[in-house]
Each structure stands twice: as structure tokens, then as C-alpha cells.
file upload.cif (mmCIF, C-alpha atoms and all ligand atoms)
data_structure
loop_
_atom_site.label_atom_id
_atom_site.label_comp_id
_atom_site.auth_asym_id
_atom_site.auth_seq_id
_atom_site.Cartn_x
_atom_site.Cartn_y
_atom_site.Cartn_z
CA MET K 1 -31.62 -13.95 41.06
CA ALA K 2 -32.83 -13.70 37.52
CA GLU K 3 -29.93 -11.35 36.92
CA SER K 4 -27.29 -13.76 38.16
CA GLY K 5 -28.83 -16.53 36.01
CA SER K 6 -28.49 -14.39 32.89
CA SER K 7 -24.96 -13.54 33.77
CA ALA K 8 -24.07 -17.25 34.14
CA GLU K 9 -25.65 -18.02 30.80
CA PHE K 10 -23.74 -15.17 29.23
CA SER K 11 -20.39 -16.28 30.54
CA SER K 12 -20.99 -19.90 29.59
CA SER K 13 -21.87 -18.85 26.05
CA LEU K 14 -18.60 -16.94 25.88
CA THR K 15 -16.53 -19.96 26.83
CA SER K 16 -18.38 -22.41 24.60
CA SER K 17 -16.75 -23.81 21.53
CA SER K 18 -19.56 -22.41 19.36
CA LEU K 19 -17.81 -19.04 18.97
CA PRO K 20 -17.40 -18.11 15.31
CA PRO K 21 -13.85 -18.33 14.01
CA PRO K 22 -11.94 -15.03 14.20
CA ARG K 23 -12.37 -12.91 11.10
CA THR K 24 -9.47 -11.89 8.98
CA ARG K 25 -8.43 -8.30 9.44
CA ILE K 26 -7.79 -6.30 6.31
CA PHE K 27 -5.18 -3.56 6.20
CA LYS K 28 -5.75 -1.07 3.42
CA ILE K 29 -2.47 0.48 2.30
CA ILE K 30 -2.42 3.04 -0.49
CA VAL K 31 0.64 3.43 -2.66
CA ILE K 32 1.07 6.88 -4.21
CA GLY K 33 3.67 8.81 -6.17
CA ASP K 34 4.46 10.10 -9.65
CA SER K 35 3.76 8.08 -12.76
CA GLY K 36 6.56 5.67 -13.63
CA VAL K 37 8.17 5.43 -10.18
CA GLY K 38 7.26 1.75 -9.97
CA LYS K 39 4.13 1.55 -7.80
CA THR K 40 2.63 -1.21 -9.91
CA CYS K 41 5.90 -3.15 -9.96
CA LEU K 42 6.36 -2.86 -6.19
CA THR K 43 2.84 -3.98 -5.34
CA TYR K 44 3.00 -6.77 -7.91
CA ARG K 45 6.34 -7.90 -6.52
CA PHE K 46 4.89 -8.15 -3.02
CA CYS K 47 1.61 -9.84 -3.98
CA ALA K 48 2.63 -12.01 -6.94
CA GLY K 49 6.25 -12.58 -5.84
CA LYS K 50 7.88 -11.40 -9.06
CA PHE K 51 8.68 -8.37 -11.18
CA PRO K 52 6.02 -7.92 -13.89
CA GLU K 53 7.36 -8.40 -17.39
CA LYS K 54 5.39 -5.49 -18.73
CA THR K 55 3.38 -2.72 -17.13
CA GLU K 56 1.19 0.02 -18.49
CA ALA K 57 0.24 3.23 -16.75
CA THR K 58 -2.35 2.43 -14.13
CA ILE K 59 -5.81 3.77 -14.86
CA GLY K 60 -7.87 4.50 -11.78
CA VAL K 61 -6.65 1.99 -9.23
CA ASP K 62 -5.59 -1.65 -9.07
CA PHE K 63 -6.11 -3.71 -5.94
CA ARG K 64 -3.66 -6.39 -5.00
CA GLU K 65 -4.02 -8.54 -1.91
CA ARG K 66 -1.91 -10.97 -0.02
CA LEU K 67 -2.77 -13.03 3.02
CA VAL K 68 -0.02 -13.14 5.61
CA GLU K 69 0.25 -14.58 9.09
CA ILE K 70 1.62 -12.37 11.81
CA ASP K 71 2.02 -13.77 15.31
CA GLY K 72 -0.55 -16.45 14.56
CA GLU K 73 -3.14 -14.06 13.15
CA ASN K 74 -4.22 -14.11 9.52
CA ILE K 75 -4.09 -10.64 8.01
CA LYS K 76 -5.02 -9.57 4.53
CA ILE K 77 -2.75 -6.86 3.20
CA GLN K 78 -4.70 -4.96 0.59
CA LEU K 79 -2.53 -2.71 -1.55
CA TRP K 80 -4.21 0.06 -3.53
CA ASP K 81 -1.96 0.71 -6.49
CA THR K 82 -3.02 4.16 -7.61
CA ALA K 83 -2.48 5.95 -10.90
CA GLY K 84 0.30 8.53 -10.90
CA GLN K 85 -1.04 10.38 -13.90
CA GLU K 86 -3.44 13.12 -12.95
CA ARG K 87 -5.83 12.41 -15.82
CA PHE K 88 -6.17 8.77 -14.70
CA ARG K 89 -6.82 9.54 -11.07
CA LYS K 90 -8.65 12.83 -10.61
CA SER K 91 -12.21 11.54 -10.41
CA MET K 92 -11.28 8.72 -8.07
CA VAL K 93 -8.98 10.30 -5.55
CA GLN K 94 -11.58 10.59 -2.83
CA HIS K 95 -12.06 6.80 -2.87
CA TYR K 96 -8.39 6.11 -2.25
CA TYR K 97 -8.33 7.92 1.03
CA ARG K 98 -11.37 6.38 2.65
CA ASN K 99 -10.54 4.14 5.63
CA VAL K 100 -6.85 4.08 4.85
CA HIS K 101 -4.63 2.29 7.37
CA ALA K 102 -1.26 3.31 5.94
CA VAL K 103 0.29 5.29 3.09
CA VAL K 104 3.36 4.37 1.07
CA PHE K 105 4.94 7.30 -0.82
CA VAL K 106 7.12 6.17 -3.70
CA TYR K 107 9.74 8.09 -5.67
CA ASP K 108 12.26 6.90 -8.25
CA ILE K 109 15.88 7.35 -7.14
CA THR K 110 16.86 7.94 -10.79
CA ASN K 111 14.30 10.72 -11.24
CA ALA K 112 14.76 13.86 -9.15
CA ALA K 113 11.41 15.26 -10.29
CA SER K 114 9.60 12.33 -8.69
CA PHE K 115 11.33 13.18 -5.40
CA HIS K 116 10.45 16.87 -5.68
CA SER K 117 6.80 15.91 -6.19
CA LEU K 118 6.61 14.32 -2.74
CA PRO K 119 5.41 17.49 -0.94
CA ALA K 120 2.46 17.63 -3.35
CA TRP K 121 1.56 14.02 -2.56
CA ILE K 122 1.81 14.75 1.15
CA GLU K 123 -0.39 17.78 0.65
CA GLU K 124 -2.98 15.66 -1.14
CA CYS K 125 -3.11 13.35 1.88
CA LYS K 126 -3.59 16.36 4.10
CA GLN K 127 -6.42 17.68 1.96
CA HIS K 128 -8.17 14.35 2.32
CA ALA K 129 -7.97 14.62 6.09
CA LEU K 130 -5.56 11.77 6.60
CA GLY K 131 -4.71 11.91 10.29
CA THR K 132 -1.19 11.87 11.66
CA GLU K 133 -2.02 8.56 13.34
CA VAL K 134 -2.00 6.90 9.91
CA PRO K 135 1.49 5.44 9.41
CA ARG K 136 3.40 6.71 6.36
CA ILE K 137 6.55 5.37 4.83
CA LEU K 138 8.82 6.64 2.11
CA VAL K 139 10.16 4.29 -0.55
CA GLY K 140 12.92 5.15 -3.03
CA ASN K 141 12.59 2.62 -5.84
CA LYS K 142 14.88 1.43 -8.69
CA CYS K 143 17.99 0.95 -6.56
CA ASP K 144 19.25 -1.52 -9.14
CA LEU K 145 20.05 1.48 -11.38
CA GLN K 146 22.98 2.73 -9.31
CA ASP K 147 24.65 4.39 -12.28
CA SER K 148 21.73 6.75 -12.75
CA VAL K 149 21.10 7.91 -9.20
CA GLN K 150 19.69 11.45 -8.96
CA VAL K 151 18.45 11.37 -5.38
CA ASN K 152 21.07 10.41 -2.87
CA THR K 153 20.23 8.65 0.34
CA ASP K 154 21.25 11.54 2.63
CA LEU K 155 18.86 13.93 0.93
CA ALA K 156 16.03 11.41 1.03
CA GLN K 157 16.74 10.65 4.69
CA GLN K 158 16.57 14.34 5.56
CA PHE K 159 13.20 14.60 3.88
CA ALA K 160 11.97 11.45 5.60
CA ASP K 161 13.12 12.73 8.99
CA ALA K 162 11.46 16.10 8.41
CA HIS K 163 8.18 14.32 7.78
CA SER K 164 8.61 11.66 10.48
CA MET K 165 8.61 8.79 8.03
CA PRO K 166 10.93 5.81 7.81
CA LEU K 167 12.85 5.64 4.53
CA PHE K 168 13.40 2.46 2.55
CA GLU K 169 15.43 2.23 -0.63
CA THR K 170 14.64 -0.77 -2.76
CA SER K 171 14.24 -2.26 -6.19
CA ALA K 172 11.07 -3.89 -7.38
CA LYS K 173 13.15 -5.44 -10.12
CA ASN K 174 15.89 -6.93 -8.05
CA PRO K 175 15.03 -6.84 -4.36
CA ASN K 176 17.17 -9.88 -3.53
CA SER K 177 20.30 -7.86 -3.46
CA GLN K 178 22.59 -10.39 -1.83
CA GLY K 179 25.56 -11.11 -4.00
CA ASP K 180 24.64 -9.07 -7.04
CA GLY K 181 27.22 -6.42 -6.20
CA ASN K 182 24.87 -3.74 -7.41
CA ASN K 183 22.29 -2.74 -4.87
CA GLY K 184 23.72 -4.42 -1.82
CA ASN K 185 22.25 -1.88 0.57
CA SER K 186 18.70 -1.93 -0.63
CA ASP K 187 15.76 -3.24 1.35
CA HIS K 188 13.63 -6.12 0.28
CA VAL K 189 10.17 -5.27 -0.99
CA GLU K 190 8.83 -8.10 1.16
CA ALA K 191 10.35 -6.62 4.30
CA ILE K 192 8.98 -3.16 3.58
CA PHE K 193 5.33 -4.15 3.37
CA MET K 194 5.67 -6.63 6.23
CA THR K 195 7.12 -3.86 8.39
CA VAL K 196 4.03 -1.76 7.69
CA ALA K 197 1.74 -4.70 8.47
CA HIS K 198 3.54 -5.37 11.76
CA LYS K 199 3.17 -1.73 12.73
CA LEU K 200 -0.53 -1.77 11.91
CA LYS K 201 -1.06 -4.99 13.79
CA SER K 202 0.56 -3.59 16.88
CA GLN K 203 -1.44 -0.39 16.86
CA LYS K 204 -4.84 -1.19 15.37
CA PRO K 205 -7.76 -2.17 17.56
CA LEU K 206 -9.71 -5.25 16.56
CA VAL K 207 -11.88 -3.76 13.87
CA LEU K 208 -12.66 -5.38 10.60
CA SER K 209 -12.32 -3.39 7.43
CA GLN K 210 -14.40 -4.26 4.43
CA PRO K 211 -13.00 -5.04 1.02
CA PRO K 212 -14.03 -2.47 -1.60
CA GLU K 213 -16.84 -4.49 -3.16
CA ALA K 214 -18.42 -5.11 0.22
CA SER K 215 -18.42 -1.51 1.39
CA GLY K 216 -22.08 -0.84 0.81
CA GLY K 217 -21.75 0.46 -2.72
CA THR K 218 -19.80 3.49 -1.62
CA ILE K 219 -17.28 3.00 -4.41
CA ASN K 220 -19.10 3.87 -7.57
CA LEU K 221 -16.62 2.72 -10.14
CA ASN K 222 -16.84 0.80 -13.36
CA ARG K 223 -15.37 -2.66 -13.17
CA GLY K 224 -12.48 -2.95 -15.57
CA ARG K 225 -10.06 -5.83 -15.97
CA ASP K 226 -10.48 -8.93 -13.85
CA ASP K 227 -8.00 -10.79 -11.74
CA GLY K 228 -5.58 -12.30 -14.23
CA GLY K 229 -4.39 -14.90 -11.73
CA ASP K 230 -2.07 -12.57 -9.83
CA GLY K 231 -4.60 -11.23 -7.35
CA THR K 232 -5.05 -7.95 -9.18
CA ARG K 233 -8.45 -6.36 -9.68
CA SER K 234 -8.82 -3.10 -11.52
CA TRP K 235 -11.32 -0.33 -11.65
CA GLY K 236 -11.22 2.52 -14.10
CA CYS K 237 -13.03 5.80 -13.84
CA THR K 238 -15.93 6.56 -16.12
CA SER K 239 -14.60 9.94 -17.11
CA CYS K 240 -11.10 8.82 -18.14
N1 LIG V 1 15.15 -0.85 -13.33
C1 LIG V 1 13.98 -0.83 -12.69
N2 LIG V 1 12.86 -0.52 -13.35
C2 LIG V 1 11.69 -0.49 -12.66
C3 LIG V 1 11.61 -0.77 -11.28
N3 LIG V 1 10.34 -0.63 -10.90
C4 LIG V 1 9.64 -0.29 -11.98
N4 LIG V 1 10.46 -0.20 -13.06
C5 LIG V 1 10.08 0.17 -14.42
O1 LIG V 1 9.55 1.48 -14.38
C6 LIG V 1 8.47 1.60 -15.31
C7 LIG V 1 7.23 2.11 -14.61
O2 LIG V 1 6.83 1.16 -13.64
P1 LIG V 1 5.32 1.11 -13.08
O3 LIG V 1 5.31 0.16 -11.94
O4 LIG V 1 4.37 0.83 -14.17
O5 LIG V 1 5.14 2.61 -12.60
P2 LIG V 1 3.86 3.25 -11.83
O6 LIG V 1 4.39 4.06 -10.69
O7 LIG V 1 2.89 2.18 -11.49
O8 LIG V 1 3.27 4.23 -12.93
P3 LIG V 1 1.72 4.76 -13.08
O9 LIG V 1 0.84 3.56 -13.09
O10 LIG V 1 1.69 5.51 -14.38
O11 LIG V 1 1.46 5.66 -11.92
C8 LIG V 1 8.30 0.22 -15.96
O12 LIG V 1 8.97 0.22 -17.19
C9 LIG V 1 8.98 -0.72 -14.98
O13 LIG V 1 9.48 -1.86 -15.62
C10 LIG V 1 12.82 -1.10 -10.60
O14 LIG V 1 12.88 -1.33 -9.40
N5 LIG V 1 13.97 -1.09 -11.34
MG MG V 2 0.98 1.81 -12.11
#

call {"tool": "encode", "arguments": {"input": "upload.cif", "output": "C-alpha cells"}}
result
Amino acid sequence: MAESGSSAEFSSSLTSSSLPPPRTRIFKIIVIGDSGVGKTCLTYRFCAGKFPEKTEATIGVDFRERLVEIDGENIKIQLWDTAGQERFRKSMVQHYYRNVHAVVFVYDITNAASFHSLPAWIEECKQHALGTEVPRILVGNKCDLQDSVQVNTDLAQQFADAHSMPLFETSAKNPNSQGDGNNGNSDHVEAIFMTVAHKLKSQKPLVLSQPPEASGGTINLNRGRDDGGDGTRSWGCTSC
């Protein structure tokens, strides 16, 4: 009898209105690729809604976040904008890959070398034990520069297919392609990251990820620049 009493208490506590409000899930998405391909511009475009007037090479990693609502659930999309330059990233790489929910590989359609680097970026993911269950997408950026294309869509699509990734071609500078007569076939930056978030929402169990500063001190980085009003927080590495 005592058992059934406890069970009744348990079920009534579950249905009471005193349940805490649901917590916001955080999706950690890392953005990687060669220096200069536009990782900072793409993440800034998605989180701050505009193309940054001026960027400098990222040192270490910048975090940008945006709260979105998907099917009635609040989700925080946390973009890790990583440094493309080896000297600005080497001591921090292991932190990027911890608890990653998705990876965005970026190349510059006007720079063939950035496309040929993709296997090395994929290899880096492999070396950091990123499982095949982690969604990956391929983004060809700078579609507004149609006169300077070095990587055509067919080639990029073949590569994407070979690595089971969807391909998006876009421009961080001018993603609203309607009517500009220039990059009419490019995808919107907004749609790209929202597609990733939808995929994660549909596949992820209800687990809460922690933002970097709340992860028990596992990220041992020096705090650099603060949020300048655009949701960006930066950390540099001590050895750079
Ligand atoms: N035309 C054009 N220029 C872009 C676009 N995206 C970025 N750029 C320019 O490309 C340059 C490099 O952009 P970043 O976003 O700083 O490149 P990054 O990949 O973050 O580089 P690292 O931080 O060094 O790894 C800047 O001069 C940007 O203005 C784009 O879509 N179109
Ligand atoms: Mg950058």
C-alpha cells in the first residue's frame, strides 16, 4: 500500500503546475575552413543580421549566438567561428571539437585552394573523433563574385555527394539574391543555418548542452574581446 501511495504522489507531482519551465537547448555548430573564406562574415550575418563592414583574421575562436524558435521550442544556435590560420588555432583545436552537434565546412568559390583544402579539414574532424552521426554541411561562399568563380557547382556537388554532405552556395555579403541579377541561385545564409538547426532538432534527444563558460572550467582560454553588441564573444590562445 505504501508503494501505491508513493506512486500516486509521484504522478500528481508530475502533473502539477510547479514543473520548472523547459530549458533552452543549445546547438553547438562549428564553422571551419581556410582563412579568408568568410566564416566570420557568414556567422555574423546569421547572428547580427548584416554583413560586417570590416573583419580581421579570427584569433582562436569567436562565439556568436542566436535564439530561434522551432516548432514552438526555443533553441539557442551557438556558432563557433574558428580561425582558419594555423598559427591562430593550433593550441585550441581540441576545444572546438568537444560536444559538437554539427560542422559547417566553408570554402570560397573564387579560391580553388580553399576548396582543395577541404579533405584536410575533414581529416581534422576525423582525428578529433567526430562521429558520422554529427551532421556536416558544405558551404561555398562569395557567390556574389560570379565573375571570379574558380570552383564550379558541379565539382563542388560531386565532392559533397562523395562525403554525404548537402551543398549550399551562398554569399555572406549579399544573401538576398532576389532581383540583383547576380547570384540568383544562391542560398540564403539564414536558410542554411536554420536547416542545420531543424535537422538537429529532429534528431537530438532532449539533452541540454552547456555554454562554454559554464562547462566546468574545461575550456582554459584567456578571455579576449567582449561582446560588442552583436552577440560575439572572443577567446584567444595564450601561445598566439
Ligand atoms: N564579396 C564577398 N566578400 C566576402 C564574403 N564573405 C566574406 N568576404 C570577405 O572576405 C574576407 C575574409 O572574410 P572573413 O569572414 O574574415 O574570413 P574568415 O574565414 O573568417 O577568415 P579567418 O578568420 O582568417 O579564418 C573579408 O574581406 C570579407 O569582407 C562574401 O560573401 N562576398
Ligand atoms: Mg574569421

call {"tool": "closest_atom_pairs", "arguments": {"input": "upload.cif", "of": "chain K", "to": "ligand MG 2 (chain V)", "cutoff": "6 Å", "atoms": "only C-alpha atoms and all ligand atoms", "output": "tab-separated table"}}
result
residue	atom	partner	partner_atom	distance
K:Lys39	CA	V:MG2	MG	5.3
K:Thr40	CA	V:MG2	MG	4.1
K:Ala57	CA	V:MG2	MG	4.9
K:Thr58	CA	V:MG2	MG	3.9
K:Ala83	CA	V:MG2	MG	5.5

call {"tool": "residues_around", "arguments": {"input": "upload.cif", "residues": "Leu138 (chain K)", "least_positions_apart": "4", "cutoff": "8 Å", "atoms": "only C-alpha atoms", "output": "ChimeraX atom specification"}}
result
/K:104-107,160,165-168

call {"tool": "residues_near_ligand", "arguments": {"input": "upload.cif", "ligand": "ligand LIG 1 (chain V)", "cutoff": "10 Å", "atoms": "all atoms listed in the file", "output": "VMD selection string"}}
result
chain K and resid 31 to 45 51 to 62 81 to 86 88 to 89 106 to 110 114 140 to 146 169 to 175 189

call {"tool": "closest_residue", "arguments": {"input": "upload.cif", "among": "K:Ala191, K:Ala162, K:Val151, K:Ala197", "to": "Asn111 (chain K)", "atoms": "all atoms listed in the file"}}
result
K:Val151

call {"tool": "atom_distance", "arguments": {"input": "upload.cif", "atom1": "CA of Thr24 (chain K)", "atom2": "CA of Asp187 (chain K)"}}
result
27.7 Å

call {"tool": "atom_distance", "arguments": {"input": "upload.cif", "atom1": "CA of Gln150 (chain K)", "atom2": "CA of Ala112 (chain K)"}}
result
5.5 Å

call {"tool": "atom_distance", "arguments": {"input": "upload.cif", "atom1": "CA of His101 (chain K)", "atom2": "CA of Gln158 (chain K)"}}
result
24.5 Å

call {"tool": "residues_near_point", "arguments": {"input": "upload.cif", "point": "(-0.8, -11.8, 14.5)", "cutoff": "10 Å", "atoms": "only C-alpha atoms", "output": "VMD selection string"}}
result
chain K and resid 25 68 to 75 197 to 198 201 to 202

call {"tool": "closest_residue", "arguments": {"input": "upload.cif", "among": "K:Val149, K:Phe193, K:Pro135, K:Asp154", "to": "Lys76 (chain K)", "atoms": "only C-alpha atoms"}}
result
K:Phe193

call {"tool": "decode", "arguments": {"input": "upload.cif", "residues": "region 14-96 of chain K", "atoms": "C-alpha atoms", "output": "PDB file, in the first residue's frame"}}
result
ATOM      1  CA  LEU K  14       4.378  15.299 -12.478  1.00  0.00           C
ATOM      2  CA  THR K  15       1.078  16.829 -13.483  1.00  0.00           C
ATOM      3  CA  SER K  16       1.292  19.800 -11.132  1.00  0.00           C
ATOM      4  CA  SER K  17       1.887  23.250 -12.467  1.00  0.00           C
ATOM      5  CA  SER K  18       5.046  23.566 -10.349  1.00  0.00           C
ATOM      6  CA  LEU K  19       7.215  21.963 -13.047  1.00  0.00           C
ATOM      7  CA  PRO K  20      10.166  24.181 -13.945  1.00  0.00           C
ATOM      8  CA  PRO K  21       9.921  25.833 -17.343  1.00  0.00           C
ATOM      9  CA  PRO K  22      11.615  23.856 -20.136  1.00  0.00           C
ATOM     10  CA  ARG K  23      15.260  24.764 -20.555  1.00  0.00           C
ATOM     11  CA  THR K  24      16.606  26.141 -23.765  1.00  0.00           C
ATOM     12  CA  ARG K  25      18.565  23.650 -25.793  1.00  0.00           C
ATOM     13  CA  ILE K  26      21.858  24.814 -27.202  1.00  0.00           C
ATOM     14  CA  PHE K  27      23.175  23.531 -30.514  1.00  0.00           C
ATOM     15  CA  LYS K  28      26.911  23.939 -30.886  1.00  0.00           C
ATOM     16  CA  ILE K  29      27.869  24.285 -34.544  1.00  0.00           C
ATOM     17  CA  ILE K  30      31.492  24.748 -35.534  1.00  0.00           C
ATOM     18  CA  VAL K  31      32.384  26.592 -38.712  1.00  0.00           C
ATOM     19  CA  ILE K  32      35.716  25.609 -40.244  1.00  0.00           C
ATOM     20  CA  GLY K  33      37.675  26.240 -43.423  1.00  0.00           C
ATOM     21  CA  ASP K  34      40.657  28.144 -44.781  1.00  0.00           C
ATOM     22  CA  SER K  35      41.459  31.675 -43.714  1.00  0.00           C
ATOM     23  CA  GLY K  36      39.583  34.300 -45.712  1.00  0.00           C
ATOM     24  CA  VAL K  37      36.727  32.100 -46.958  1.00  0.00           C
ATOM     25  CA  GLY K  38      34.226  34.164 -44.982  1.00  0.00           C
ATOM     26  CA  LYS K  39      33.491  32.186 -41.801  1.00  0.00           C
ATOM     27  CA  THR K  40      33.325  35.317 -39.686  1.00  0.00           C
ATOM     28  CA  CYS K  41      31.117  37.097 -42.222  1.00  0.00           C
ATOM     29  CA  LEU K  42      28.724  34.142 -42.505  1.00  0.00           C
ATOM     30  CA  THR K  43      28.314  33.689 -38.757  1.00  0.00           C
ATOM     31  CA  TYR K  44      27.987  37.437 -38.250  1.00  0.00           C
ATOM     32  CA  ARG K  45      25.385  37.622 -40.998  1.00  0.00           C
ATOM     33  CA  PHE K  46      23.302  34.932 -39.316  1.00  0.00           C
ATOM     34  CA  CYS K  47      23.614  36.241 -35.752  1.00  0.00           C
ATOM     35  CA  ALA K  48      23.742  40.015 -36.271  1.00  0.00           C
ATOM     36  CA  GLY K  49      21.665  40.098 -39.473  1.00  0.00           C
ATOM     37  CA  LYS K  50      24.169  42.012 -41.587  1.00  0.00           C
ATOM     38  CA  PHE K  51      27.490  41.786 -43.388  1.00  0.00           C
ATOM     39  CA  PRO K  52      30.295  43.125 -41.164  1.00  0.00           C
ATOM     40  CA  GLU K  53      31.892  46.275 -42.520  1.00  0.00           C
ATOM     41  CA  LYS K  54      35.352  45.119 -41.598  1.00  0.00           C
ATOM     42  CA  THR K  55      36.793  41.828 -40.407  1.00  0.00           C
ATOM     43  CA  GLU K  56      40.205  40.768 -39.223  1.00  0.00           C
ATOM     44  CA  ALA K  57      41.588  37.258 -39.168  1.00  0.00           C
ATOM     45  CA  THR K  58      39.989  35.409 -36.296  1.00  0.00           C
ATOM     46  CA  ILE K  59      42.332  34.580 -33.453  1.00  0.00           C
ATOM     47  CA  GLY K  60      41.374  31.481 -31.511  1.00  0.00           C
ATOM     48  CA  VAL K  61      37.605  31.358 -31.754  1.00  0.00           C
ATOM     49  CA  ASP K  62      34.647  33.729 -31.673  1.00  0.00           C
ATOM     50  CA  PHE K  63      31.279  32.621 -30.362  1.00  0.00           C
ATOM     51  CA  ARG K  64      28.114  34.001 -31.835  1.00  0.00           C
ATOM     52  CA  GLU K  65      24.668  33.008 -30.647  1.00  0.00           C
ATOM     53  CA  ARG K  66      21.146  33.457 -31.814  1.00  0.00           C
ATOM     54  CA  LEU K  67      17.934  32.365 -30.185  1.00  0.00           C
ATOM     55  CA  VAL K  68      15.425  30.901 -32.601  1.00  0.00           C
ATOM     56  CA  GLU K  69      12.051  29.245 -32.204  1.00  0.00           C
ATOM     57  CA  ILE K  70      11.467  25.992 -33.999  1.00  0.00           C
ATOM     58  CA  ASP K  71       8.076  24.315 -33.731  1.00  0.00           C
ATOM     59  CA  GLY K  72       7.357  26.212 -30.532  1.00  0.00           C
ATOM     60  CA  GLU K  73      10.659  25.350 -28.873  1.00  0.00           C
ATOM     61  CA  ASN K  74      13.288  27.947 -28.058  1.00  0.00           C
ATOM     62  CA  ILE K  75      16.695  26.878 -29.320  1.00  0.00           C
ATOM     63  CA  LYS K  76      19.976  28.669 -28.976  1.00  0.00           C
ATOM     64  CA  ILE K  77      22.169  28.273 -32.036  1.00  0.00           C
ATOM     65  CA  GLN K  78      25.740  28.730 -30.906  1.00  0.00           C
ATOM     66  CA  LEU K  79      28.155  29.222 -33.784  1.00  0.00           C
ATOM     67  CA  TRP K  80      31.852  28.677 -33.137  1.00  0.00           C
ATOM     68  CA  ASP K  81      33.656  30.829 -35.667  1.00  0.00           C
ATOM     69  CA  THR K  82      37.113  29.290 -35.754  1.00  0.00           C
ATOM     70  CA  ALA K  83      40.394  30.706 -37.015  1.00  0.00           C
ATOM     71  CA  GLY K  84      41.481  29.467 -40.430  1.00  0.00           C
ATOM     72  CA  GLN K  85      45.113  30.337 -39.903  1.00  0.00           C
ATOM     73  CA  GLU K  86      47.059  27.506 -38.369  1.00  0.00           C
ATOM     74  CA  ARG K  87      49.076  29.759 -36.067  1.00  0.00           C
ATOM     75  CA  PHE K  88      45.859  31.199 -34.587  1.00  0.00           C
ATOM     76  CA  ARG K  89      44.191  27.874 -33.962  1.00  0.00           C
ATOM     77  CA  LYS K  90      46.703  25.143 -33.174  1.00  0.00           C
ATOM     78  CA  SER K  91      46.607  25.286 -29.384  1.00  0.00           C
ATOM     79  CA  MET K  92      42.831  25.477 -29.284  1.00  0.00           C
ATOM     80  CA  VAL K  93      41.684  22.911 -31.786  1.00  0.00           C
ATOM     81  CA  GLN K  94      40.796  20.293 -29.219  1.00  0.00           C
ATOM     82  CA  HIS K  95      38.273  22.677 -27.637  1.00  0.00           C
ATOM     83  CA  TYR K  96      36.404  23.211 -30.878  1.00  0.00           C
TER      84      TYR K  96
END
